[in-house]
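Data from start04.json: JSON, C-alpha atoms
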[["chain", "number", "residue", "atom", "x", "y", "z"],
["O", 1, "MET", "CA", 61.62, 53.71, 147.19],
["O", 2, "THR", "CA", 61.76, 56.38, 149.87],
["O", 3, "ASP", "CA", 58.52, 58.23, 150.54],
["O", 4, "LEU", "CA", 59.53, 61.81, 149.68],
["O", 5, "LYS", "CA", 56.85, 63.35, 151.91],
["O", 6, "HIS", "CA", 58.00, 61.40, 154.93],
["O", 7, "PRO", "CA", 61.78, 60.82, 154.93],
["O", 8, "PRO", "CA", 63.02, 57.91, 157.04],
["O", 9, "GLU", "CA", 63.41, 58.72, 160.72],
["O", 10, "GLU", "CA", 67.13, 57.99, 160.66],
["O", 11, "LEU", "CA", 67.62, 60.80, 158.13],
["O", 12, "THR", "CA", 66.14, 63.40, 160.47],
["O", 13, "LYS", "CA", 67.96, 62.43, 163.66],
["O", 14, "GLY", "CA", 71.66, 62.98, 163.20],
["O", 15, "ASP", "CA", 73.27, 66.33, 163.84],
["O", 16, "PHE", "CA", 76.69, 65.50, 162.36],
["O", 17, "ALA", "CA", 78.25, 65.95, 165.79],
["O", 18, "GLU", "CA", 80.55, 62.96, 165.43],
["O", 19, "VAL", "CA", 81.58, 63.61, 161.83],
["O", 20, "LYS", "CA", 85.33, 64.16, 161.66],
["O", 21, "LYS", "CA", 86.31, 63.51, 158.03],
["O", 22, "PRO", "CA", 84.34, 64.73, 155.00],
["O", 23, "PHE", "CA", 85.40, 61.89, 152.70],
["O", 24, "ASP", "CA", 84.17, 59.33, 155.23],
["O", 25, "LEU", "CA", 80.76, 60.99, 155.35],
["O", 26, "PHE", "CA", 80.65, 61.33, 151.56],
["O", 27, "SER", "CA", 81.42, 57.62, 151.20],
["O", 28, "GLU", "CA", 78.54, 56.73, 153.54],
["O", 29, "TRP", "CA", 76.09, 58.98, 151.71],
["O", 30, "PHE", "CA", 77.26, 57.78, 148.30],
["O", 31, "GLU", "CA", 76.62, 54.16, 149.29],
["O", 32, "ASP", "CA", 73.15, 55.14, 150.51],
["O", 33, "ALA", "CA", 72.50, 56.86, 147.17],
["O", 34, "LYS", "CA", 73.56, 53.77, 145.22],
["O", 35, "ALA", "CA", 70.89, 51.80, 147.08],
["O", 36, "SER", "CA", 68.19, 54.49, 146.86],
["O", 37, "GLU", "CA", 68.51, 56.51, 143.65],
["O", 38, "PRO", "CA", 66.59, 55.08, 140.65],
["O", 39, "ASN", "CA", 69.16, 56.34, 138.10],
["O", 40, "ASP", "CA", 72.82, 57.38, 138.11],
["O", 41, "PRO", "CA", 73.61, 58.03, 141.79],
["O", 42, "ASN", "CA", 77.00, 59.23, 140.53],
["O", 43, "ALA", "CA", 75.45, 62.03, 138.45],
["O", 44, "VAL", "CA", 76.71, 65.42, 139.57],
["O", 45, "ALA", "CA", 76.23, 69.00, 138.39],
["O", 46, "LEU", "CA", 79.60, 70.44, 137.38],
["O", 47, "ALA", "CA", 80.00, 74.23, 137.30],
["O", 48, "THR", "CA", 82.75, 76.11, 135.46],
["O", 49, "ALA", "CA", 83.11, 79.68, 134.19],
["O", 50, "ASP", "CA", 84.08, 81.06, 130.78],
["O", 51, "GLU", "CA", 86.65, 83.78, 130.07],
["O", 52, "THR", "CA", 84.14, 86.50, 131.00],
["O", 53, "GLY", "CA", 83.28, 84.86, 134.32],
["O", 54, "LEU", "CA", 79.84, 83.72, 133.11],
["O", 55, "PRO", "CA", 79.04, 80.36, 134.74],
["O", 56, "ASN", "CA", 78.28, 77.15, 132.89],
["O", 57, "VAL", "CA", 76.75, 74.08, 134.52],
["O", 58, "ARG", "CA", 76.02, 70.58, 133.24],
["O", 59, "MET", "CA", 75.65, 67.04, 134.54],
["O", 60, "VAL", "CA", 78.61, 64.67, 134.44],
["O", 61, "LEU", "CA", 79.26, 61.26, 135.98],
["O", 62, "LEU", "CA", 81.61, 60.81, 138.91],
["O", 63, "LYS", "CA", 83.96, 57.95, 138.05],
["O", 64, "GLU", "CA", 86.23, 57.81, 141.08],
["O", 65, "VAL", "CA", 86.50, 59.36, 144.51],
["O", 66, "ASP", "CA", 89.15, 59.03, 147.19],
["O", 67, "GLU", "CA", 91.06, 61.31, 149.54],
["O", 68, "ARG", "CA", 92.69, 62.99, 146.53],
["O", 69, "GLY", "CA", 89.38, 64.23, 145.11],
["O", 70, "PHE", "CA", 86.50, 63.63, 142.69],
["O", 71, "VAL", "CA", 87.28, 62.35, 139.17],
["O", 72, "PHE", "CA", 85.27, 62.76, 135.96],
["O", 73, "TYR", "CA", 86.22, 62.54, 132.27],
["O", 74, "THR", "CA", 85.79, 64.88, 129.33],
["O", 75, "ASN", "CA", 86.94, 66.03, 125.91],
["O", 76, "PHE", "CA", 89.42, 68.83, 126.61],
["O", 77, "GLU", "CA", 88.39, 70.58, 123.37],
["O", 78, "SER", "CA", 84.79, 70.94, 124.60],
["O", 79, "ALA", "CA", 83.49, 74.09, 126.29],
["O", 80, "LYS", "CA", 83.77, 72.27, 129.60],
["O", 81, "GLY", "CA", 87.31, 71.14, 128.96],
["O", 82, "ILE", "CA", 88.47, 74.56, 127.78],
["O", 83, "GLU", "CA", 86.99, 76.28, 130.84],
["O", 84, "LEU", "CA", 88.49, 73.73, 133.22],
["O", 85, "LEU", "CA", 91.96, 74.05, 131.73],
["O", 86, "SER", "CA", 91.72, 77.83, 131.59],
["O", 87, "SER", "CA", 90.54, 78.56, 135.13],
["O", 88, "GLY", "CA", 91.84, 75.52, 136.97],
["O", 89, "LYS", "CA", 88.78, 75.67, 139.25],
["O", 90, "ALA", "CA", 85.32, 74.09, 139.42],
["O", 91, "ALA", "CA", 82.40, 73.30, 141.68],
["O", 92, "MET", "CA", 80.12, 70.27, 141.99],
["O", 93, "CYS", "CA", 76.70, 69.60, 143.46],
["O", 94, "PHE", "CA", 75.25, 66.16, 144.14],
["O", 95, "HIS", "CA", 71.50, 66.06, 144.79],
["O", 96, "TRP", "CA", 70.05, 62.73, 145.88],
["O", 97, "LYS", "CA", 66.34, 63.45, 145.83],
["O", 98, "SER", "CA", 65.29, 60.07, 147.20],
["O", 99, "LEU", "CA", 67.33, 60.76, 150.33],
["O", 100, "ARG", "CA", 66.76, 64.52, 150.56],
["O", 101, "ARG", "CA", 70.48, 65.09, 150.68],
["O", 102, "GLN", "CA", 72.87, 67.40, 148.86],
["O", 103, "VAL", "CA", 76.66, 67.73, 148.76],
["O", 104, "ARG", "CA", 78.42, 70.83, 147.39],
["O", 105, "ILE", "CA", 82.12, 70.76, 146.51],
["O", 106, "ARG", "CA", 84.49, 73.55, 145.45],
["O", 107, "GLY", "CA", 88.17, 73.56, 144.63],
["O", 108, "ALA", "CA", 90.96, 73.38, 142.09],
["O", 109, "VAL", "CA", 91.05, 70.85, 139.26],
["O", 110, "GLN", "CA", 94.02, 68.90, 137.99],
["O", 111, "GLN", "CA", 94.42, 66.43, 135.15],
["O", 112, "VAL", "CA", 94.64, 62.76, 136.11],
["O", 113, "SER", "CA", 97.69, 60.76, 135.08],
["O", 114, "SER", "CA", 97.89, 59.16, 131.62],
["O", 115, "GLU", "CA", 97.85, 55.76, 133.33],
["O", 116, "GLU", "CA", 94.60, 56.55, 135.14],
["O", 117, "ALA", "CA", 92.98, 57.92, 131.98],
["O", 118, "ASP", "CA", 94.10, 54.95, 129.87],
["O", 119, "SER", "CA", 92.79, 52.48, 132.43],
["O", 120, "TYR", "CA", 89.37, 54.11, 132.61],
["O", 121, "TYR", "CA", 89.15, 54.61, 128.84],
["O", 122, "GLN", "CA", 89.81, 50.93, 128.19],
["O", 123, "SER", "CA", 87.05, 49.99, 130.66],
["O", 124, "ARG", "CA", 84.43, 51.85, 128.59],
["O", 125, "PRO", "CA", 82.20, 50.02, 126.07],
["O", 126, "ARG", "CA", 83.71, 49.89, 122.59],
["O", 127, "GLY", "CA", 81.00, 52.18, 121.23],
["O", 128, "SER", "CA", 81.81, 54.81, 123.84],
["O", 129, "ARG", "CA", 85.50, 54.67, 122.95],
["O", 130, "ILE", "CA", 84.66, 55.20, 119.29],
["O", 131, "GLY", "CA", 82.32, 58.02, 120.30],
["O", 132, "ALA", "CA", 85.22, 59.85, 121.94],
["O", 133, "TRP", "CA", 86.88, 59.98, 118.52],
["O", 134, "ALA", "CA", 83.72, 60.73, 116.54],
["O", 135, "SER", "CA", 82.30, 63.59, 118.63],
["O", 136, "LYS", "CA", 83.72, 67.10, 118.36],
["O", 137, "GLN", "CA", 82.09, 67.86, 121.67],
["O", 138, "SER", "CA", 80.33, 71.24, 122.10],
["O", 139, "ARG", "CA", 80.97, 72.33, 118.51],
["O", 140, "PRO", "CA", 78.22, 72.89, 115.90],
["O", 141, "LEU", "CA", 76.82, 69.72, 114.27],
["O", 142, "GLU", "CA", 75.10, 70.09, 110.91],
["O", 143, "SER", "CA", 72.94, 66.98, 111.32],
["O", 144, "ARG", "CA", 72.58, 63.71, 113.19],
["O", 145, "PHE", "CA", 73.63, 61.97, 109.98],
["O", 146, "ALA", "CA", 76.97, 63.79, 110.06],
["O", 147, "LEU", "CA", 77.65, 62.38, 113.52],
["O", 148, "GLU", "CA", 76.68, 58.89, 112.39],
["O", 149, "LYS", "CA", 79.10, 59.22, 109.46],
["O", 150, "GLU", "CA", 81.91, 60.05, 111.88],
["O", 151, "VAL", "CA", 81.03, 57.05, 114.01],
["O", 152, "ALA", "CA", 81.08, 54.81, 110.92],
["O", 153, "LYS", "CA", 84.43, 56.28, 109.82],
["O", 154, "PHE", "CA", 86.16, 55.52, 113.10],
["O", 155, "THR", "CA", 84.46, 52.14, 113.44],
["O", 156, "ALA", "CA", 85.99, 51.19, 110.09],
["O", 157, "LYS", "CA", 89.35, 52.75, 110.99],
["O", 158, "PHE", "CA", 89.79, 50.75, 114.17],
["O", 159, "GLY", "CA", 88.10, 47.57, 112.93],
["O", 160, "ILE", "CA", 88.28, 44.91, 115.60],
["O", 161, "GLY", "CA", 91.61, 46.13, 116.95],
["O", 162, "ASP", "CA", 92.54, 48.30, 119.88],
["O", 163, "ILE", "CA", 91.05, 51.79, 120.15],
["O", 164, "PRO", "CA", 93.63, 54.17, 121.65],
["O", 165, "ARG", "CA", 92.60, 57.04, 123.89],
["O", 166, "PRO", "CA", 92.55, 60.37, 122.02],
["O", 167, "ASP", "CA", 95.13, 62.88, 123.26],
["O", 168, "TYR", "CA", 92.35, 65.42, 123.84],
["O", 169, "TRP", "CA", 90.28, 63.09, 126.04],
["O", 170, "SER", "CA", 91.18, 62.54, 129.68],
["O", 171, "GLY", "CA", 90.08, 62.97, 133.25],
["O", 172, "MET", "CA", 90.01, 65.81, 135.72],
["O", 173, "ARG", "CA", 90.19, 65.56, 139.49],
["O", 174, "LEU", "CA", 88.45, 68.20, 141.57],
["O", 175, "VAL", "CA", 90.63, 68.64, 144.65],
["O", 176, "PRO", "CA", 88.28, 70.17, 147.22],
["O", 177, "THR", "CA", 88.96, 72.97, 149.61],
["O", 178, "SER", "CA", 85.28, 73.06, 150.61],
["O", 179, "ILE", "CA", 82.72, 70.24, 151.01],
["O", 180, "GLU", "CA", 79.26, 71.06, 152.34],
["O", 181, "PHE", "CA", 76.70, 68.46, 153.40],
["O", 182, "TRP", "CA", 73.01, 69.41, 153.38],
["O", 183, "HIS", "CA", 70.33, 67.27, 154.97],
["O", 184, "ASP", "CA", 66.59, 67.91, 154.85],
["O", 185, "ARG", "CA", 64.78, 68.75, 158.07],
["O", 186, "PRO", "CA", 61.13, 69.70, 158.75],
["O", 187, "PHE", "CA", 60.00, 73.30, 158.22],
["O", 188, "ARG", "CA", 63.14, 74.05, 156.14],
["O", 189, "LEU", "CA", 65.30, 74.03, 159.28],
["O", 190, "HIS", "CA", 67.83, 71.93, 157.44],
["O", 191, "ASP", "CA", 71.19, 70.66, 158.66],
["O", 192, "ARG", "CA", 74.23, 72.17, 156.91],
["O", 193, "ILE", "CA", 77.78, 71.21, 157.79],
["O", 194, "VAL", "CA", 80.74, 72.56, 155.83],
["O", 195, "PHE", "CA", 84.34, 71.36, 155.88],
["O", 196, "LYS", "CA", 87.00, 73.80, 154.69],
["O", 197, "ARG", "CA", 90.77, 73.84, 154.34],
["O", 198, "GLU", "CA", 93.20, 76.41, 153.01],
["O", 199, "ALA", "CA", 95.03, 73.93, 150.78],
["O", 200, "PRO", "CA", 94.98, 70.17, 150.03],
["O", 201, "ASP", "CA", 97.82, 69.54, 152.47],
["O", 202, "GLN", "CA", 96.08, 71.43, 155.30],
["O", 203, "PRO", "CA", 93.68, 69.98, 157.92],
["O", 204, "TRP", "CA", 89.93, 70.29, 157.56],
["O", 205, "GLU", "CA", 87.91, 72.64, 159.75],
["O", 206, "LYS", "CA", 84.21, 72.01, 160.33],
["O", 207, "ASP", "CA", 81.38, 74.51, 160.85],
["O", 208, "ARG", "CA", 77.64, 74.28, 161.14],
["O", 209, "LEU", "CA", 75.71, 76.78, 158.99],
["O", 210, "TYR", "CA", 72.28, 78.31, 159.36],
["O", 211, "PRO", "CA", 69.86, 76.70, 156.89]]
Show me, as structure tokens, the structure contained in the file I just sent.
Amino acid sequence: MTDLKHPPEELTKGDFAEVKKPFDLFSEWFEDAKASEPNDPNAVALATADETGLPNVRMVLLKEVDERGFVFYTNFESAKGIELLSSGKAAMCFHWKSLRRQVRIRGAVQQVSSEEADSYYQSRPRGSRIGAWASKQSRPLESRFALEKEVAKFTAKFGIGDIPRPDYWSGMRLVPTSIEFWHDRPFRLHDRIVFKREAPDQPWEKDRLYP
């Protein structure tokens, strides 16, 4: 485990001078986090806004990342799903405490294909697939027992057969127009590099920011 008071020397050297592509750097940092973080290196804070513009933030799990964007899954009838579908925008923040690193991402969101959603859904444990049917995510729940009854109902309904993906459950891909990398430095003189582009089909531009 990394000593948080004394980060490894290699984490305080680089100045990002040679970094050309944000997804390449994210891939490197994500692999480091997988080796260093004690729990869920793919956990990320996801921010949305309701119809009044009031922000909401919660932790979700990143399930896929490539040059197209960052994918997570949700119930579209939840508060999160409703806000995502309504605004079409979101922001993310990864914080890997063991590495003293942070990545902030902003951009539009788009629904993944049915094929992608089906493939991921079928990879989930059977109990999680049943849970997607049993949970009316974000809505009032009268008791824990009521939830357990729903789980039992759908367990009996599907028996030992296939459990189809609910129509209201799928994935979203955050397509970034901004990715900022933050790296701890002594005396709060941190490194901040931000990549921005006007649209997904446009080239990235890189800037260094004051800490």
### Task
Return the single residue from O:Gln137, O:Asn42, O:Thr177, O:Ser78 that is closest to Val109 of chain O, with distances computed using all atoms listed in the file.
O:Thr177
#### Entry: Length of the atom CA of Trp133 of chain O to atom CA of Tyr168 of chain O vector [Å]
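If I compute the distance from atom CA of Trp133 of chain O to atom CA of Tyr168 of chain O, I get 9.4 Å.
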### Query
Which one of O:Asp24, O:Asp167, O:Asp201, O:Asp40 sits closest to Ile179 of chain O if you count all atoms listed in the file?
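Counting all atoms listed in the file, the residue closest to Ile179 of chain O is O:Asp24.
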Listing only residues of segment 101-153 of chain O within 10 Å of segment 187-196 of chain O, what is the closest atom pair and its distance in Å (to one decimal) for each, using all atoms listed in the file, sorted by chain and residue number ascending, as a tab-separated table?
residue	atom	partner	partner_atom	distance
O:Arg101	CA	O:Asp191	CA	9.8
O:Gln102	CA	O:Arg192	CA	9.5
O:Val103	CA	O:Val194	CA	9.5
O:Arg104	CA	O:Val194	CA	8.9
O:Ile105	CA	O:Val194	CA	9.6
O:Arg106	CA	O:Lys196	CA	9.6
### Task
Just give me the gap between atom CA of Leu46 of chain O and atom CA of Arg58 of chain O in Å, one decimal is fine.
5.5 Å
### Query
Given the choices O:Ile130, O:Leu84, O:Val112, O:Leu99, which gets closest to Asp32 of chain O if the distance is worked out from all atoms listed in the file?
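For Asp32 of chain O, the nearest of the given residues is O:Leu99.
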### Message
Using only C-alpha atoms, can you tell me which of O:Arg173, O:Glu51, O:Ala91, O:Ser135 comes closest to Ser113 of chain O?
### Response
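Looking at the shortest contact to Ser113 of chain O, the residue is O:Arg173.
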### Message
Please determine, counting all atoms listed in the file, which residue among O:Ser98, O:Thr52, O:Gln111, O:Ser87 has the shortest atom-to-atom distance to Phe70 of chain O.
### Response
O:Gln111
### Query
So how many Å separate atom CA of Lys63 of chain O and atom CA of Gly171 of chain O, to one decimal?
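Interatomic distance here is 9.3 Å.
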Excluding Val57 of chain O and any residue of its chain fewer than 2 positions from it, enumerate the residues within 7 Å of it, using only C-alpha atoms, and give them as a compact mmCIF listing (two decimals) with C-alpha atoms, in the coordinates of the input.
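Writing done, so here's around11.txt:
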# COMPACT_ATOMS: atom_id res chain seq x y z
CA ALA O 45 76.23 69.00 138.39
CA LEU O 46 79.60 70.44 137.38
CA ALA O 47 80.00 74.23 137.30
CA THR O 48 82.75 76.11 135.46
CA PRO O 55 79.04 80.36 134.74
### Query
Nearest to Glu83 of chain O among O:Met172, O:Ala146, O:Ala132, O:Ala156, with distances taken over all atoms listed in the file: which residue is it?
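Counting all atoms listed in the file, the residue closest to Glu83 of chain O is O:Met172.
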### Task
Write out as number ranges by chain the residues lying within 7 Å of Arg100 of chain O, counting all atoms listed in the file and excluding same-chain residues fewer than 4 positions away.
O: 96, 183-184
### Task
For Trp169 of chain O, list every protein, DNA or RNA residue within 6 Å, evaluated using all atoms listed in the file, and leave out those in the same chain fewer than 5 positions away; present the list as a ChimeraX atom specification.
/O:74-76
### Task
Fewer than 5 positions away in the same chain doesn't count, so skip those; otherwise give me all residues within 9 Å of Phe30 of chain O, counting only C-alpha atoms, as a PyMOL selection string.
chain O and resi 25+35+41-42
